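Inspection log for the structure reproduced underneath, given as structure tokens.
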Amino acid sequence: MADIINLLPDNIANQIAAGEVIQRPASAVKELLENAVDAGATEIHLIIKDAGKELVQVIDNGGGMSETDARMCFERHATSKIQTIEDLFSIRTMGFRGEALASIAAVAQVELKTRKRGTDIGSYIEIDNSVVRVQEPCQTAEGTSIAMKNLFFNVPARRNFLKSNAAEMRHIVDEFIRVAMAFPQLQFTLTSNNQQLFHLDKGSLKQRIIAILGQHYNARVVNVKESTDYMNVYGFVGKPETAKKTRGDQFFFVNNRFIKSHYLHHAVMNAFADIIPADSYPLYVLFIDVNPEHVDINVHPTKQEIKFDDEKVMYAFVQAAVKHALAQFSVTPTLDFDLDPSIQALDAVSKPFTEQQRTESTHSPLYKSFSQAHQAHVIDRSNSNLKNWKDLYQPAAENESYTTAYSEDPEPETRTAVTYESAQPAATASAIDERWQETSKDLKVPVQVHQQYVLSQIKSGFILIDQHAAHERILYERYQRALQEAPVATQQSLFPQTLQLPPADAAIVTEMLPELQALGYDLEPFGNHTFVVRGTPADIQTGNDQATIEGLLEQFKHFSHELKVNRREHLIRSMARNNAIPAGKVLSAREMQNIIDELFACTMPNVAPGGKFTFISFKLTDLARMFERNQ
């Protein structure tokens with residue numbers, strides 16, 4: 001029988017390995033930026049074309065490579081970071097496996113220009129499909145320029161799995177931000193399709209956070225700094241008002257390496273417990289410096305998941321550091337023992353206590369009962385005010401204006417109705433009947449319960465409607481019709497507002513502009529992540545257009561994490577939830593009736609777009625059974 005096991009050629013083995021390291025253009029961006037940092041660069045420029053599908057280029061002014069190193073860097077497991085297995089537990093560089101460039105060369109066309117410091121001539125290499133096509137001397141600046149072109153040109157199936165340009169660009173921006181955030185002492189620049197998206201100058205960590213996340217965080221972050229013999233924790237956390245409904249502004253760095261850790265995230269969330277809503281996420285940029293011996297970073301191809309030798313200690317230190325920072329800057333709630341101004345204005349507080357008042361109070365029976373030892377519970381039965389307490393429950397005199405239904409006959413069977421005439425003119429039977437008809441008529445009008453639910457009577461019982469979920473269903477179907485049929489009317493703003501967004505959010509808005517315009521938003525790009533808001537949908541309340549659109553973006557990102565549906569579905573669900581009537585808003589009878597009428601005109605009135613029930617019905621038979629009544 002012939003042998004069936006064969007050794008794979010290097011180019012095929014490299015393509016298989018590349019599938020773990022290079023999953024999309026953003027993966028190559030991460031590896032190339034980290035290599036530039038390890039090379040000792042102080043200025044790093046990232047150039048992107050066609051969301052990385054056509055070009056990903058990183059130019060740095062680092063140490064450069066010799067002719068031999070330039071050729072060797074594309075071999076698998078060729079690295080300058082480690083020599084022995086023990087070196088894995090003392091790594092402080094970003095890369096160490098020697099797989100990134102080999103994986104990139106296996107699935108893309110790569111051009112490398114590099115010149116080592118102190119030399120006059122550099123090296124130029126062209127390589128694709130793991131095969132070196134050209135290697136020759138060249139004239140270039142000190143440092144390295146590496147360009148990755150036509151990603152997955154030799155693996156068409158992998159290229160077809162890439163998302164839209166806007167989606168891939170968001171991933172690239174995320175990776176760029178993570179590396180730039182970790183090294184604020186370096187200058188970073190990002191250019192996409194000949195347009196500069198970021199230019200981050202060297203500076204402090206706070207300056208880098210503000211430059212990336214926005215100027216509005218300048219006075220809304222709190223410094224965190226705790227040092228111990230085992231580890232150091234430093235960075236910034238946002239104040240409670242910066243918390244959002246979606247994740248995205250949470251950064252953990254261990255020895256300057258970005259990581260994802262649900263365990264440490266839980267520690268931060270515990271530190272923010274009771275000061276932000278349970279479904280919100282605070283901003284934090286936290287760095288942990290720890291001896292590499294206590295960390296294993298070689299557990300995942302992306303190196304974003306690591307293991308600590310003592311996770312409980314890390315958890316406790318991180319939580320304590322954040323709590324201490326919040327308390328130190330008076331962010332956490334404190335007990336306030338100051339009197340209310342209305343209380344301070346009372347006579348008993350503001351006016352002096354005269355001697356006559358003191359004498360009268362000390363001779364009162366109440367004062368004596370409390371001033372004597374063990375007498376606080378004793379009731380002075382000699383108090384004349386308590387002797388005739390039964391008189392309080394006797395039938396009223398003839399001139400009192402109320403009626404009682406029964407006389408004081410001890411036997412219920414022999415009770416007779418007794419009416420006490422009022423000094424006021426007695427109400428006629430017709431007037432009472434009219435009042436009863438008005439009351440019974442009001443029972444059919446919807447009633448708001450706790451400013452959150454709407455109770456409405458139906459023939460078979462009653463229904464309890466969640467006003468937010470019901471309005472969300474109404475708006476969802478309205479927006480669906482707008483995208484399929486006639487666009488929503490736009491209410492033009494008298495004074496257009498300028499909306500400045502973070503680059504990642506600006507990419508989302510740019511991608512969704514056609515759908516947003518069909519849904520009633522009149523937005524116009526204004527350059528540098530800025531948009532001009534000239535109009536909003538006519539059926540939503542205008543005023544703070546920026547807050548409305550930012551809320552819409554938060555909902556869009558929230559749905560993007562939860563659901564696997566197309567972009568339009570994400571958008572209309574986000575708009576419906578963001579613009580729906582919130583719980584806690586007082587509604588008039590007409591508004592409640594409009595919600596009921598429009599809800600039951602929907603094609604699917606019983607559930608909101610997210611699957612939650614919009615109403616619950618209670619039948620008379622169910623009520624009878626609950627109250628144990630005979631049918």
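Residues are named by chain letter and number: chains run A, B, ... in the order of the structure tokens, numbers start at 1 in each chain, and ligands are numbered from 1 in the order shown.
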Practice prompt. Name all residues at most 7 Å from region 315-319 of chain A (count only C-alpha atoms; drop same-chain ones fewer than 6 positions away) and give them as a list in words.
Written response: Val233, Leu264, Ala267, Val268 and Ala271 of chain A
Saved selection, atoms kept: N, CA and C atoms, as a tab-separated table (two decimals), in the first residue's frame:
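So selection_21.tsv came out as:
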```tsv
chain	number	residue	atom	x	y	z
A	233	VAL	N	-0.05	50.02	38.61
A	233	VAL	CA	-1.26	50.30	37.83
A	233	VAL	C	-1.34	51.82	37.66
A	264	LEU	N	-10.41	41.21	34.32
A	264	LEU	CA	-10.01	42.54	34.79
A	264	LEU	C	-11.08	43.58	34.50
A	267	ALA	N	-13.34	43.64	37.29
A	267	ALA	CA	-12.79	44.37	38.44
A	267	ALA	C	-13.10	45.86	38.33
A	268	VAL	N	-12.94	46.43	37.13
A	268	VAL	CA	-13.24	47.85	36.94
A	268	VAL	C	-14.74	48.10	37.11
A	271	ALA	N	-15.64	48.35	40.63
A	271	ALA	CA	-15.23	49.63	41.22
A	271	ALA	C	-16.23	50.73	40.90
```
Worksheet item: If you count only C-alpha atoms, which residues fall within 12 Å of Tyr124 (chain A), apart from same-chain ones fewer than 5 positions away, as a list in words?
Response: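 Contacts, with the query itself left out: Met65, Ser66, Glu67, Thr68, Asp69, Ala70, Arg71, Val110, Glu111, Leu112, Lys113, Thr114, Arg115, Val132, Arg133, Val134, Gln135, Glu136, Pro137, Cys138, Gln139, Thr140, Ala141, Thr144, Ser145, Ile146 and Ala147 of chain A.
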Those same residues, written as an mmCIF file, in the first residue's frame with N, CA, C and O atoms?
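And here's part_30.cif as it stands now:
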```cif
data_model
loop_
_atom_site.group_PDB
_atom_site.id
_atom_site.type_symbol
_atom_site.label_atom_id
_atom_site.label_comp_id
_atom_site.auth_asym_id
_atom_site.auth_seq_id
_atom_site.Cartn_x
_atom_site.Cartn_y
_atom_site.Cartn_z
ATOM 1 N N MET A 65 17.391 47.623 8.874
ATOM 2 C CA MET A 65 17.938 46.267 8.808
ATOM 3 C C MET A 65 19.063 46.204 7.787
ATOM 4 O O MET A 65 19.073 46.950 6.800
ATOM 5 N N SER A 66 19.957 45.267 8.033
ATOM 6 C CA SER A 66 21.019 45.007 7.068
ATOM 7 C C SER A 66 20.452 44.209 5.899
ATOM 8 O O SER A 66 19.298 43.770 5.920
ATOM 9 N N GLU A 67 21.305 43.976 4.883
ATOM 10 C CA GLU A 67 20.860 43.239 3.699
ATOM 11 C C GLU A 67 20.452 41.814 4.064
ATOM 12 O O GLU A 67 19.425 41.306 3.598
ATOM 13 N N THR A 68 21.218 41.177 4.923
ATOM 14 C CA THR A 68 20.907 39.792 5.319
ATOM 15 C C THR A 68 19.650 39.750 6.170
ATOM 16 O O THR A 68 18.782 38.890 5.979
ATOM 17 N N ASP A 69 19.531 40.678 7.126
ATOM 18 C CA ASP A 69 18.337 40.701 7.973
ATOM 19 C C ASP A 69 17.086 40.984 7.154
ATOM 20 O O ASP A 69 16.015 40.444 7.433
ATOM 21 N N ALA A 70 17.210 41.822 6.147
ATOM 22 C CA ALA A 70 16.052 42.136 5.307
ATOM 23 C C ALA A 70 15.539 40.889 4.590
ATOM 24 O O ALA A 70 14.331 40.740 4.373
ATOM 25 N N ARG A 71 16.433 40.032 4.212
ATOM 26 C CA ARG A 71 16.023 38.783 3.557
ATOM 27 C C ARG A 71 15.507 37.773 4.566
ATOM 28 O O ARG A 71 14.522 37.088 4.331
ATOM 29 N N VAL A 110 4.597 42.027 -1.328
ATOM 30 C CA VAL A 110 5.272 42.871 -0.339
ATOM 31 C C VAL A 110 6.483 43.545 -0.972
ATOM 32 O O VAL A 110 7.245 42.917 -1.715
ATOM 33 N N GLU A 111 6.627 44.837 -0.660
ATOM 34 C CA GLU A 111 7.819 45.586 -1.045
ATOM 35 C C GLU A 111 8.455 46.152 0.219
ATOM 36 O O GLU A 111 7.769 46.793 1.027
ATOM 37 N N LEU A 112 9.741 45.899 0.391
ATOM 38 C CA LEU A 112 10.459 46.337 1.576
ATOM 39 C C LEU A 112 11.637 47.217 1.174
ATOM 40 O O LEU A 112 12.436 46.849 0.306
ATOM 41 N N LYS A 113 11.730 48.390 1.802
ATOM 42 C CA LYS A 113 12.891 49.270 1.665
ATOM 43 C C LYS A 113 13.401 49.552 3.067
ATOM 44 O O LYS A 113 12.628 49.982 3.937
ATOM 45 N N THR A 114 14.671 49.340 3.287
ATOM 46 C CA THR A 114 15.217 49.539 4.629
ATOM 47 C C THR A 114 16.666 49.957 4.534
ATOM 48 O O THR A 114 17.405 49.559 3.622
ATOM 49 N N ARG A 115 17.079 50.804 5.472
ATOM 50 C CA ARG A 115 18.485 51.202 5.575
ATOM 51 C C ARG A 115 18.854 51.302 7.041
ATOM 52 O O ARG A 115 18.161 51.970 7.822
ATOM 53 N N VAL A 132 10.873 35.229 -3.155
ATOM 54 C CA VAL A 132 11.569 36.495 -3.361
ATOM 55 C C VAL A 132 11.731 36.725 -4.867
ATOM 56 O O VAL A 132 12.352 35.935 -5.569
ATOM 57 N N ARG A 133 11.165 37.819 -5.367
ATOM 58 C CA ARG A 133 11.251 38.144 -6.792
ATOM 59 C C ARG A 133 12.434 39.059 -7.096
ATOM 60 O O ARG A 133 13.105 38.890 -8.119
ATOM 61 N N VAL A 134 12.674 40.034 -6.240
ATOM 62 C CA VAL A 134 13.751 41.001 -6.476
ATOM 63 C C VAL A 134 14.432 41.276 -5.151
ATOM 64 O O VAL A 134 13.771 41.427 -4.113
ATOM 65 N N GLN A 135 15.767 41.366 -5.188
ATOM 66 C CA GLN A 135 16.539 41.824 -4.044
ATOM 67 C C GLN A 135 17.742 42.578 -4.580
ATOM 68 O O GLN A 135 18.588 42.011 -5.283
ATOM 69 N N GLU A 136 17.811 43.870 -4.234
ATOM 70 C CA GLU A 136 18.866 44.706 -4.786
ATOM 71 C C GLU A 136 19.122 45.892 -3.867
ATOM 72 O O GLU A 136 18.249 46.258 -3.056
ATOM 73 N N PRO A 137 20.282 46.516 -3.987
ATOM 74 C CA PRO A 137 20.552 47.723 -3.195
ATOM 75 C C PRO A 137 19.668 48.882 -3.668
ATOM 76 O O PRO A 137 19.230 48.914 -4.833
ATOM 77 N N CYS A 138 19.441 49.820 -2.793
ATOM 78 C CA CYS A 138 18.625 50.991 -3.155
ATOM 79 C C CYS A 138 18.993 52.157 -2.272
ATOM 80 O O CYS A 138 19.648 51.993 -1.237
ATOM 81 N N GLN A 139 18.538 53.339 -2.656
ATOM 82 C CA GLN A 139 18.729 54.547 -1.860
ATOM 83 C C GLN A 139 17.411 54.853 -1.148
ATOM 84 O O GLN A 139 16.359 55.001 -1.776
ATOM 85 N N THR A 140 17.451 54.910 0.140
ATOM 86 C CA THR A 140 16.243 55.165 0.922
ATOM 87 C C THR A 140 16.631 55.836 2.229
ATOM 88 O O THR A 140 17.817 55.873 2.601
ATOM 89 N N ALA A 141 15.665 56.365 2.927
ATOM 90 C CA ALA A 141 15.922 57.023 4.204
ATOM 91 C C ALA A 141 16.221 55.980 5.277
ATOM 92 O O ALA A 141 15.898 54.794 5.138
ATOM 93 N N THR A 144 12.711 51.895 7.991
ATOM 94 C CA THR A 144 12.108 50.841 7.173
ATOM 95 C C THR A 144 10.781 51.317 6.608
ATOM 96 O O THR A 144 9.998 51.981 7.292
ATOM 97 N N SER A 145 10.539 50.951 5.346
ATOM 98 C CA SER A 145 9.245 51.168 4.706
ATOM 99 C C SER A 145 8.802 49.834 4.134
ATOM 100 O O SER A 145 9.485 49.274 3.264
ATOM 101 N N ILE A 146 7.706 49.316 4.627
ATOM 102 C CA ILE A 146 7.202 48.031 4.159
ATOM 103 C C ILE A 146 5.778 48.232 3.665
ATOM 104 O O ILE A 146 4.935 48.800 4.364
ATOM 105 N N ALA A 147 5.523 47.787 2.428
ATOM 106 C CA ALA A 147 4.214 47.968 1.792
ATOM 107 C C ALA A 147 3.630 46.600 1.465
ATOM 108 O O ALA A 147 4.281 45.775 0.809
#
```
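Proximity of A:Phe183, A:Phe287, A:Phe74, A:Phe613 to Glu472 (chain A), computed with only C-alpha atoms, is greatest for A:Phe613.
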Practice prompt. Please indicate the distance in Å from CA of Ala243 (chain A) to CA of Leu553 (chain A), rounded to one decimal place.
Written response: 14.3 Å
Discussion item. Given only C-alpha atoms as the basis, pick out the residue of A:Ala506, A:Met231, A:Ala36, A:Leu464 nearest to Val295 (chain A).
Written reply: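 Ranked by minimum distance to Val295 (chain A), first place goes to A:Met231.
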Worksheet item: In Å, with one decimal, what is the gap from CA of Val449 (chain A) to CA of Gln593 (chain A)?
Response: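 Interatomic distance here is 14.2 Å.
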